[in-house]
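Report on the structure given below.
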Amino acid sequence: MTQWFTETFRTEFDKQAEELGRINLAIFGKTGVGKSTLVNAIFGEPVAQTGIGAPVTMGSHLYLDKRGTLGVIDTRGLEIGRDDAEILKEITKAVKESRGRPIAEQIHVAWYCIRGMDRRFEEVEERFIRTLADLDVPVVVVLTQVPMRDGAYHPDAIELARQIQARNLPIVGGRPFMTYAMRDQFTGQPPHGLMDVLRATFHVAPEAVQAALAAAQAIDLELKASQAHKAIAASTAAAAAAAAVPIPFSSAAMLVPIQLAMMARLAHLHKLSLDRAAVLAIASTSLATSAGRAAAAGLLKFIPGAGSVAGGVINASVASGFTLAMGEAWLVVCQRAANRTLPTVGGVVDTEAVKRLFESELAKRLPRIRQRD
Ligand SMILES: Nc1nc2c(ncn2[C@@H]2O[C@H](COP(=O)(O)OP(=O)(O)OP(=O)(O)O)[C@@H](O)[C@H]2O)c(=O)[nH]1
Ligand SMILES: [Mg+2]
């Protein structure tokens with residue numbers, strides 16, 4: 001791996017992490033209702049190297065756990081149903097203080113979790129939810145561990161949901177979300193309802209952190225793909241604009257950072273580490289063997305008829321069409337990496353096969369692009 005590639009890609013990778021920011025999710029509910037199980041089911045188990053360290057304190061009992069593009073805020077050492085006044089005081093203070101900070105430091109959405117088989121919804125829980133809503137934090141009420149059979153929820157959970165709905169609470173969707181987060185080994189009860197919680201959260205999250213949420217979650221590949229397409233479209237437009245600048249030798253070289261930024265963003269959306277993303281990017285494009293302007297020439301070899309373009313000047317339609325094709329082909333590689341369906345040899349990724357995959361995906365999209373001038 002050449003120095004040039006490693007450094008350029010790392011720079012773009014870090015920049016994209018910064019741009020994605022973080023969605024901060026506050027999770028409340030009595031102990032043992034299944035908060036951690038729910039979070040892990042939707043976002044994946046925390047991995048040691050993704051920055052799980054000691055949680056950051058936000059108040060004397062309020063903690064922020066950073067997991068890449070996800071921040072989980074919860075209470076430690078205080079119990080709902082016992083220390084409510086204290087918890088509410090702290091959360092109120094934390095939300096108010098965070099208002100003046102950058103968007104990635106604010107509290108965006110709260111999940112209030114209640115065990116679906118708990119027969120009653122308490123006064124204190126209602127107060128808790130109303131306080132959060134008054135602070136302009138959207139509250140998603142989640143009923144956890146709700147058994148389901150033949151497409152129907154357990155009657156006790158339905159009854160609890162009905163009771164909650166009757167309170168006309170200011171909650172997302174106006175109703176609780178029924179979930180079961182983790183398969184029960186004994187009864188075989190499979191998970192359900194997770195996608196609905198995720199989608200509801202996505203819709204109420206500020207637009208500036210929606211991509212961070214799409215990146216953080218681990219259950220909805222379509223949500224990742226739609227965010228990837230947004231990024232590809234933006235890069236495609238940037239490539240066209242770069243190519244429109246009439247400076248000889250510049251346009252092809254200017255595509256390189258634009259495309260690396262795009263590749264880095266798609267890698268983040270699919271939770272690829274820097275190392276893994278770099279290995280796959282090198283395997284896909286062979287870019288690492290050349291540097292700077294030579295890399296641009298290397299990219300151009302993918303474009304039919306553009307390989308010998310004098311001075312590396314390419315037109316806007318080639319630049320955008322090519323960037324679009326690169327993005328779509330790289331998205332396939334990222335999706336296969338996230339799905340763990342990339343070809344391997346002896347347990348490690350088969351870089352030759354990745355290259356063939358990328359190039360065949362690229363070829364599908366390139367025949368329409370021709371350099372005309
Ligand atoms: N099978 C199954 N077990 C669950 C589910 N949710 C929670 N559990 C179990 O219930 C227990 C408590 O779940 P946690 O996720 O640790 O609960 P918590 O709300 O994070 O608890 P605290 O961190 O103590 O406040 C664990 O043994 C979980 O395995 C679920 O959806 N399915
Ligand atoms: Mg927990």
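Residue numbering restarts at 1 for every chain of the structure tokens, chains are lettered A, B, ... in their displayed order, and ligands are numbered from 1 as they appear.
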Please provide as a PDB file with N, CA and C atoms, in the first residue's frame all residues within 12 Å of range 170-177 of chain A, with the sequence filter that same-chain residues fewer than 2 positions apart are discarded (counting only C-alpha atoms).
ATOM      1  N   VAL A 109     -33.163  12.131  20.165  1.00  0.00           N
ATOM      2  CA  VAL A 109     -34.379  11.325  20.298  1.00  0.00           C
ATOM      3  C   VAL A 109     -34.285  10.541  21.603  1.00  0.00           C
ATOM      4  N   ALA A 110     -35.434  10.275  22.230  1.00  0.00           N
ATOM      5  CA  ALA A 110     -35.447   9.410  23.416  1.00  0.00           C
ATOM      6  C   ALA A 110     -36.303   8.178  23.149  1.00  0.00           C
ATOM      7  N   TRP A 111     -35.844   7.058  23.664  1.00  0.00           N
ATOM      8  CA  TRP A 111     -36.668   5.845  23.666  1.00  0.00           C
ATOM      9  C   TRP A 111     -37.073   5.604  25.108  1.00  0.00           C
ATOM     10  N   TYR A 112     -38.359   5.529  25.330  1.00  0.00           N
ATOM     11  CA  TYR A 112     -38.828   5.179  26.671  1.00  0.00           C
ATOM     12  C   TYR A 112     -39.337   3.748  26.614  1.00  0.00           C
ATOM     13  N   CYS A 113     -38.665   2.856  27.344  1.00  0.00           N
ATOM     14  CA  CYS A 113     -38.960   1.425  27.241  1.00  0.00           C
ATOM     15  C   CYS A 113     -39.784   0.928  28.432  1.00  0.00           C
ATOM     16  N   ILE A 114     -40.792   0.148  28.115  1.00  0.00           N
ATOM     17  CA  ILE A 114     -41.639  -0.460  29.143  1.00  0.00           C
ATOM     18  C   ILE A 114     -41.785  -1.929  28.767  1.00  0.00           C
ATOM     19  N   ARG A 115     -41.667  -2.792  29.733  1.00  0.00           N
ATOM     20  CA  ARG A 115     -41.840  -4.205  29.418  1.00  0.00           C
ATOM     21  C   ARG A 115     -43.301  -4.453  29.046  1.00  0.00           C
ATOM     22  N   GLY A 116     -43.494  -5.063  27.880  1.00  0.00           N
ATOM     23  CA  GLY A 116     -44.842  -5.238  27.344  1.00  0.00           C
ATOM     24  C   GLY A 116     -45.776  -6.033  28.239  1.00  0.00           C
ATOM     25  N   PHE A 121     -49.151   1.029  33.505  1.00  0.00           N
ATOM     26  CA  PHE A 121     -48.383   2.183  33.092  1.00  0.00           C
ATOM     27  C   PHE A 121     -48.531   3.193  34.217  1.00  0.00           C
ATOM     28  N   GLU A 126     -45.567   8.533  32.900  1.00  0.00           N
ATOM     29  CA  GLU A 126     -46.242   9.563  32.111  1.00  0.00           C
ATOM     30  C   GLU A 126     -45.538  10.910  32.307  1.00  0.00           C
ATOM     31  N   ARG A 127     -45.209  11.236  33.545  1.00  0.00           N
ATOM     32  CA  ARG A 127     -44.548  12.506  33.839  1.00  0.00           C
ATOM     33  C   ARG A 127     -43.196  12.577  33.132  1.00  0.00           C
ATOM     34  N   PHE A 128     -42.505  11.456  33.163  1.00  0.00           N
ATOM     35  CA  PHE A 128     -41.201  11.350  32.530  1.00  0.00           C
ATOM     36  C   PHE A 128     -41.307  11.670  31.033  1.00  0.00           C
ATOM     37  N   ILE A 129     -42.245  11.026  30.374  1.00  0.00           N
ATOM     38  CA  ILE A 129     -42.428  11.209  28.928  1.00  0.00           C
ATOM     39  C   ILE A 129     -42.824  12.642  28.604  1.00  0.00           C
ATOM     40  N   ARG A 130     -43.728  13.194  29.398  1.00  0.00           N
ATOM     41  CA  ARG A 130     -44.177  14.573  29.136  1.00  0.00           C
ATOM     42  C   ARG A 130     -43.038  15.577  29.334  1.00  0.00           C
ATOM     43  N   THR A 131     -42.204  15.314  30.318  1.00  0.00           N
ATOM     44  CA  THR A 131     -41.067  16.220  30.548  1.00  0.00           C
ATOM     45  C   THR A 131     -40.123  16.212  29.354  1.00  0.00           C
ATOM     46  N   LEU A 132     -39.814  15.027  28.840  1.00  0.00           N
ATOM     47  CA  LEU A 132     -38.930  14.927  27.674  1.00  0.00           C
ATOM     48  C   LEU A 132     -39.538  15.644  26.476  1.00  0.00           C
ATOM     49  N   ALA A 133     -40.817  15.422  26.253  1.00  0.00           N
ATOM     50  CA  ALA A 133     -41.490  16.048  25.110  1.00  0.00           C
ATOM     51  C   ALA A 133     -41.502  17.569  25.260  1.00  0.00           C
ATOM     52  N   ASP A 134     -41.699  18.047  26.492  1.00  0.00           N
ATOM     53  CA  ASP A 134     -41.669  19.499  26.744  1.00  0.00           C
ATOM     54  C   ASP A 134     -40.305  20.098  26.427  1.00  0.00           C
ATOM     55  N   LEU A 135     -39.271  19.279  26.526  1.00  0.00           N
ATOM     56  CA  LEU A 135     -37.913  19.734  26.211  1.00  0.00           C
ATOM     57  C   LEU A 135     -37.635  19.630  24.703  1.00  0.00           C
ATOM     58  N   ASP A 136     -38.683  19.274  23.940  1.00  0.00           N
ATOM     59  CA  ASP A 136     -38.565  19.110  22.495  1.00  0.00           C
ATOM     60  C   ASP A 136     -37.707  17.920  22.093  1.00  0.00           C
ATOM     61  N   VAL A 137     -37.630  16.934  22.966  1.00  0.00           N
ATOM     62  CA  VAL A 137     -36.959  15.689  22.579  1.00  0.00           C
ATOM     63  C   VAL A 137     -38.075  14.723  22.160  1.00  0.00           C
ATOM     64  N   PRO A 138     -38.086  14.292  20.889  1.00  0.00           N
ATOM     65  CA  PRO A 138     -39.127  13.343  20.471  1.00  0.00           C
ATOM     66  C   PRO A 138     -38.998  12.036  21.258  1.00  0.00           C
ATOM     67  N   VAL A 139     -40.122  11.525  21.752  1.00  0.00           N
ATOM     68  CA  VAL A 139     -40.082  10.298  22.556  1.00  0.00           C
ATOM     69  C   VAL A 139     -40.756   9.147  21.804  1.00  0.00           C
ATOM     70  N   VAL A 140     -39.991   8.081  21.591  1.00  0.00           N
ATOM     71  CA  VAL A 140     -40.536   6.858  21.021  1.00  0.00           C
ATOM     72  C   VAL A 140     -40.786   5.922  22.199  1.00  0.00           C
ATOM     73  N   VAL A 141     -42.040   5.522  22.400  1.00  0.00           N
ATOM     74  CA  VAL A 141     -42.334   4.584  23.485  1.00  0.00           C
ATOM     75  C   VAL A 141     -42.251   3.172  22.920  1.00  0.00           C
ATOM     76  N   VAL A 142     -41.412   2.356  23.549  1.00  0.00           N
ATOM     77  CA  VAL A 142     -41.194   0.994  23.068  1.00  0.00           C
ATOM     78  C   VAL A 142     -41.678  -0.006  24.112  1.00  0.00           C
ATOM     79  N   LEU A 143     -42.575  -0.878  23.721  1.00  0.00           N
ATOM     80  CA  LEU A 143     -42.932  -1.985  24.605  1.00  0.00           C
ATOM     81  C   LEU A 143     -41.987  -3.132  24.265  1.00  0.00           C
ATOM     82  N   THR A 144     -41.257  -3.590  25.260  1.00  0.00           N
ATOM     83  CA  THR A 144     -40.236  -4.616  25.028  1.00  0.00           C
ATOM     84  C   THR A 144     -40.752  -6.007  25.394  1.00  0.00           C
ATOM     85  N   GLN A 145     -40.079  -6.997  24.837  1.00  0.00           N
ATOM     86  CA  GLN A 145     -40.344  -8.406  25.144  1.00  0.00           C
ATOM     87  C   GLN A 145     -41.815  -8.766  24.988  1.00  0.00           C
ATOM     88  N   VAL A 146     -42.419  -8.290  23.893  1.00  0.00           N
ATOM     89  CA  VAL A 146     -43.828  -8.579  23.617  1.00  0.00           C
ATOM     90  C   VAL A 146     -43.930  -9.894  22.836  1.00  0.00           C
ATOM     91  N   TYR A 153     -50.203  -9.989  18.769  1.00  0.00           N
ATOM     92  CA  TYR A 153     -49.447  -9.685  19.985  1.00  0.00           C
ATOM     93  C   TYR A 153     -50.152 -10.287  21.191  1.00  0.00           C
ATOM     94  N   ALA A 157     -50.060  -7.227  26.380  1.00  0.00           N
ATOM     95  CA  ALA A 157     -49.324  -6.119  25.773  1.00  0.00           C
ATOM     96  C   ALA A 157     -50.283  -5.199  25.014  1.00  0.00           C
ATOM     97  N   ILE A 158     -51.257  -5.809  24.376  1.00  0.00           N
ATOM     98  CA  ILE A 158     -52.263  -5.003  23.663  1.00  0.00           C
ATOM     99  C   ILE A 158     -53.019  -4.122  24.656  1.00  0.00           C
ATOM    100  N   GLU A 159     -53.329  -4.699  25.791  1.00  0.00           N
ATOM    101  CA  GLU A 159     -54.056  -3.961  26.836  1.00  0.00           C
ATOM    102  C   GLU A 159     -53.197  -2.805  27.363  1.00  0.00           C
ATOM    103  N   LEU A 160     -51.922  -3.090  27.601  1.00  0.00           N
ATOM    104  CA  LEU A 160     -51.017  -2.035  28.086  1.00  0.00           C
ATOM    105  C   LEU A 160     -50.895  -0.910  27.042  1.00  0.00           C
ATOM    106  N   ALA A 161     -50.757  -1.303  25.781  1.00  0.00           N
ATOM    107  CA  ALA A 161     -50.644  -0.313  24.707  1.00  0.00           C
ATOM    108  C   ALA A 161     -51.906   0.552  24.650  1.00  0.00           C
ATOM    109  N   ARG A 162     -53.039  -0.096  24.865  1.00  0.00           N
ATOM    110  CA  ARG A 162     -54.318   0.632  24.830  1.00  0.00           C
ATOM    111  C   ARG A 162     -54.369   1.674  25.964  1.00  0.00           C
ATOM    112  N   GLN A 163     -53.942   1.229  27.151  1.00  0.00           N
ATOM    113  CA  GLN A 163     -53.903   2.146  28.308  1.00  0.00           C
ATOM    114  C   GLN A 163     -53.026   3.359  28.032  1.00  0.00           C
ATOM    115  N   ILE A 164     -51.868   3.093  27.431  1.00  0.00           N
ATOM    116  CA  ILE A 164     -50.918   4.176  27.160  1.00  0.00           C
ATOM    117  C   ILE A 164     -51.494   5.131  26.112  1.00  0.00           C
ATOM    118  N   GLN A 165     -52.071   4.533  25.088  1.00  0.00           N
ATOM    119  CA  GLN A 165     -52.630   5.344  24.006  1.00  0.00           C
ATOM    120  C   GLN A 165     -53.753   6.244  24.513  1.00  0.00           C
ATOM    121  N   ALA A 166     -54.492   5.738  25.494  1.00  0.00           N
ATOM    122  CA  ALA A 166     -55.626   6.485  26.050  1.00  0.00           C
ATOM    123  C   ALA A 166     -55.176   7.755  26.770  1.00  0.00           C
ATOM    124  N   ARG A 167     -53.893   7.837  27.132  1.00  0.00           N
ATOM    125  CA  ARG A 167     -53.400   9.031  27.836  1.00  0.00           C
ATOM    126  C   ARG A 167     -53.111  10.206  26.903  1.00  0.00           C
ATOM    127  N   ASN A 168     -53.210   9.957  25.597  1.00  0.00           N
ATOM    128  CA  ASN A 168     -52.904  11.022  24.623  1.00  0.00           C
ATOM    129  C   ASN A 168     -51.568  11.687  24.874  1.00  0.00           C
ATOM    130  N   THR A 179     -42.275  -4.569  20.448  1.00  0.00           N
ATOM    131  CA  THR A 179     -41.035  -5.205  19.977  1.00  0.00           C
ATOM    132  C   THR A 179     -40.712  -6.500  20.721  1.00  0.00           C
ATOM    133  N   TYR A 180     -39.898  -7.281  20.094  1.00  0.00           N
ATOM    134  CA  TYR A 180     -39.216  -8.404  20.738  1.00  0.00           C
ATOM    135  C   TYR A 180     -37.833  -8.371  20.118  1.00  0.00           C
ATOM    136  N   ALA A 181     -36.801  -8.162  20.928  1.00  0.00           N
ATOM    137  CA  ALA A 181     -35.498  -7.804  20.369  1.00  0.00           C
ATOM    138  C   ALA A 181     -34.604  -8.989  20.060  1.00  0.00           C
ATOM    139  N   HIS A 192     -39.257  -9.162  16.534  1.00  0.00           N
ATOM    140  CA  HIS A 192     -40.166  -8.420  15.660  1.00  0.00           C
ATOM    141  C   HIS A 192     -40.184  -6.951  16.071  1.00  0.00           C
ATOM    142  N   GLY A 193     -40.641  -6.118  15.171  1.00  0.00           N
ATOM    143  CA  GLY A 193     -40.900  -4.708  15.486  1.00  0.00           C
ATOM    144  C   GLY A 193     -39.696  -3.778  15.487  1.00  0.00           C
ATOM    145  N   LEU A 194     -38.506  -4.320  15.286  1.00  0.00           N
ATOM    146  CA  LEU A 194     -37.297  -3.480  15.401  1.00  0.00           C
ATOM    147  C   LEU A 194     -37.214  -2.436  14.278  1.00  0.00           C
ATOM    148  N   MET A 195     -37.587  -2.886  13.079  1.00  0.00           N
ATOM    149  CA  MET A 195     -37.507  -1.993  11.922  1.00  0.00           C
ATOM    150  C   MET A 195     -38.439  -0.793  12.105  1.00  0.00           C
ATOM    151  N   ASP A 196     -39.606  -1.024  12.692  1.00  0.00           N
ATOM    152  CA  ASP A 196     -40.561   0.079  12.902  1.00  0.00           C
ATOM    153  C   ASP A 196     -39.996   1.122  13.868  1.00  0.00           C
ATOM    154  N   VAL A 197     -39.338   0.648  14.919  1.00  0.00           N
ATOM    155  CA  VAL A 197     -38.733   1.570  15.890  1.00  0.00           C
ATOM    156  C   VAL A 197     -37.643   2.389  15.201  1.00  0.00           C
ATOM    157  N   LEU A 198     -36.846   1.706  14.398  1.00  0.00           N
ATOM    158  CA  LEU A 198     -35.762   2.388  13.686  1.00  0.00           C
ATOM    159  C   LEU A 198     -36.313   3.444  12.726  1.00  0.00           C
ATOM    160  N   ARG A 199     -37.278   3.055  11.928  1.00  0.00           N
ATOM    161  CA  ARG A 199     -37.839   3.981  10.929  1.00  0.00           C
ATOM    162  C   ARG A 199     -38.492   5.191  11.605  1.00  0.00           C
ATOM    163  N   ALA A 200     -39.211   4.953  12.694  1.00  0.00           N
ATOM    164  CA  ALA A 200     -39.857   6.057  13.416  1.00  0.00           C
ATOM    165  C   ALA A 200     -38.793   7.004  13.959  1.00  0.00           C
ATOM    166  N   THR A 201     -37.717   6.437  14.471  1.00  0.00           N
ATOM    167  CA  THR A 201     -36.621   7.240  15.017  1.00  0.00           C
ATOM    168  C   THR A 201     -35.975   8.065  13.904  1.00  0.00           C
ATOM    169  N   PHE A 202     -35.778   7.425  12.760  1.00  0.00           N
ATOM    170  CA  PHE A 202     -35.178   8.109  11.609  1.00  0.00           C
ATOM    171  C   PHE A 202     -36.020   9.321  11.209  1.00  0.00           C
ATOM    172  N   HIS A 203     -37.330   9.136  11.182  1.00  0.00           N
ATOM    173  CA  HIS A 203     -38.191  10.219  10.710  1.00  0.00           C
ATOM    174  C   HIS A 203     -38.260  11.413  11.645  1.00  0.00           C
ATOM    175  N   VAL A 204     -38.046  11.188  12.949  1.00  0.00           N
ATOM    176  CA  VAL A 204     -38.093  12.328  13.873  1.00  0.00           C
ATOM    177  C   VAL A 204     -36.703  12.890  14.187  1.00  0.00           C
ATOM    178  N   ALA A 205     -35.663  12.190  13.741  1.00  0.00           N
ATOM    179  CA  ALA A 205     -34.301  12.688  13.995  1.00  0.00           C
ATOM    180  C   ALA A 205     -34.052  13.913  13.123  1.00  0.00           C
TER     181      ALA A 205
END
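For ligand 2, the neighbouring polymer residues at 7 Å or closer are Gly32, Gly34, Lys35 and Ser36 of chain A, only C-alpha atoms and all ligand atoms being used.
Every residue of range 120-356 of chain A found in strand (DSSP E or B) when DSSP is run on the backbone appears here: Val139, Val140, Val141, Val142, Leu143, Thr144, Met148, Arg149, Ala152, Tyr153, Phe177, Met178, Tyr180, His192, Thr344, Val345, Val348 and Val349 of chain A.
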- Message: Could you go through range 155-352 of chain A and tell me which residues DSSP, when run on the backbone, assigns to alpha helix (DSSP H), listing them as a ChimeraX atom specification?
- Response: /A:155-165,194-204,210-216,221-244,250-269,274-285,292-300,316-339,351-352
- Which residues, written as a ChimeraX atom specification, have at least one atom at most 8 Å from Leu362 in chain A, with only C-alpha atoms counted and residues fewer than 6 positions away on the same chain left out? /A:325-326,328-329
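Minimum atom-to-atom distances from A:Glu105, A:Asp74, A:Asp220, A:Glu125 to ligand 1 were compared using only C-alpha atoms and all ligand atoms, and the lowest value belongs to A:Asp74.
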Quick one: everything within 10 Å of Arg10 in chain A, counting only C-alpha atoms, minus sequence neighbours fewer than 5 positions away in the same chain. Send it as a CSV table (one decimal) with C-alpha atoms, in the first residue's frame.
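In the end it all went to part37.csv:
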chain,number,residue,atom,x,y,z
A,4,TRP,CA,0.1,8.4,-0.9
A,5,PHE,CA,-3.0,6.3,-0.9
A,15,LYS,CA,-13.3,13.9,7.3
A,16,GLN,CA,-16.3,11.8,6.5
A,260,LEU,CA,-12.1,8.9,-2.4
A,261,ALA,CA,-14.4,11.0,-0.2
A,264,ALA,CA,-15.0,6.7,2.5
A,274,LEU,CA,-10.5,2.3,7.9
A,275,ASP,CA,-8.2,-0.7,7.4
A,277,ALA,CA,-12.2,-0.1,3.6
A,278,ALA,CA,-8.6,0.8,2.5
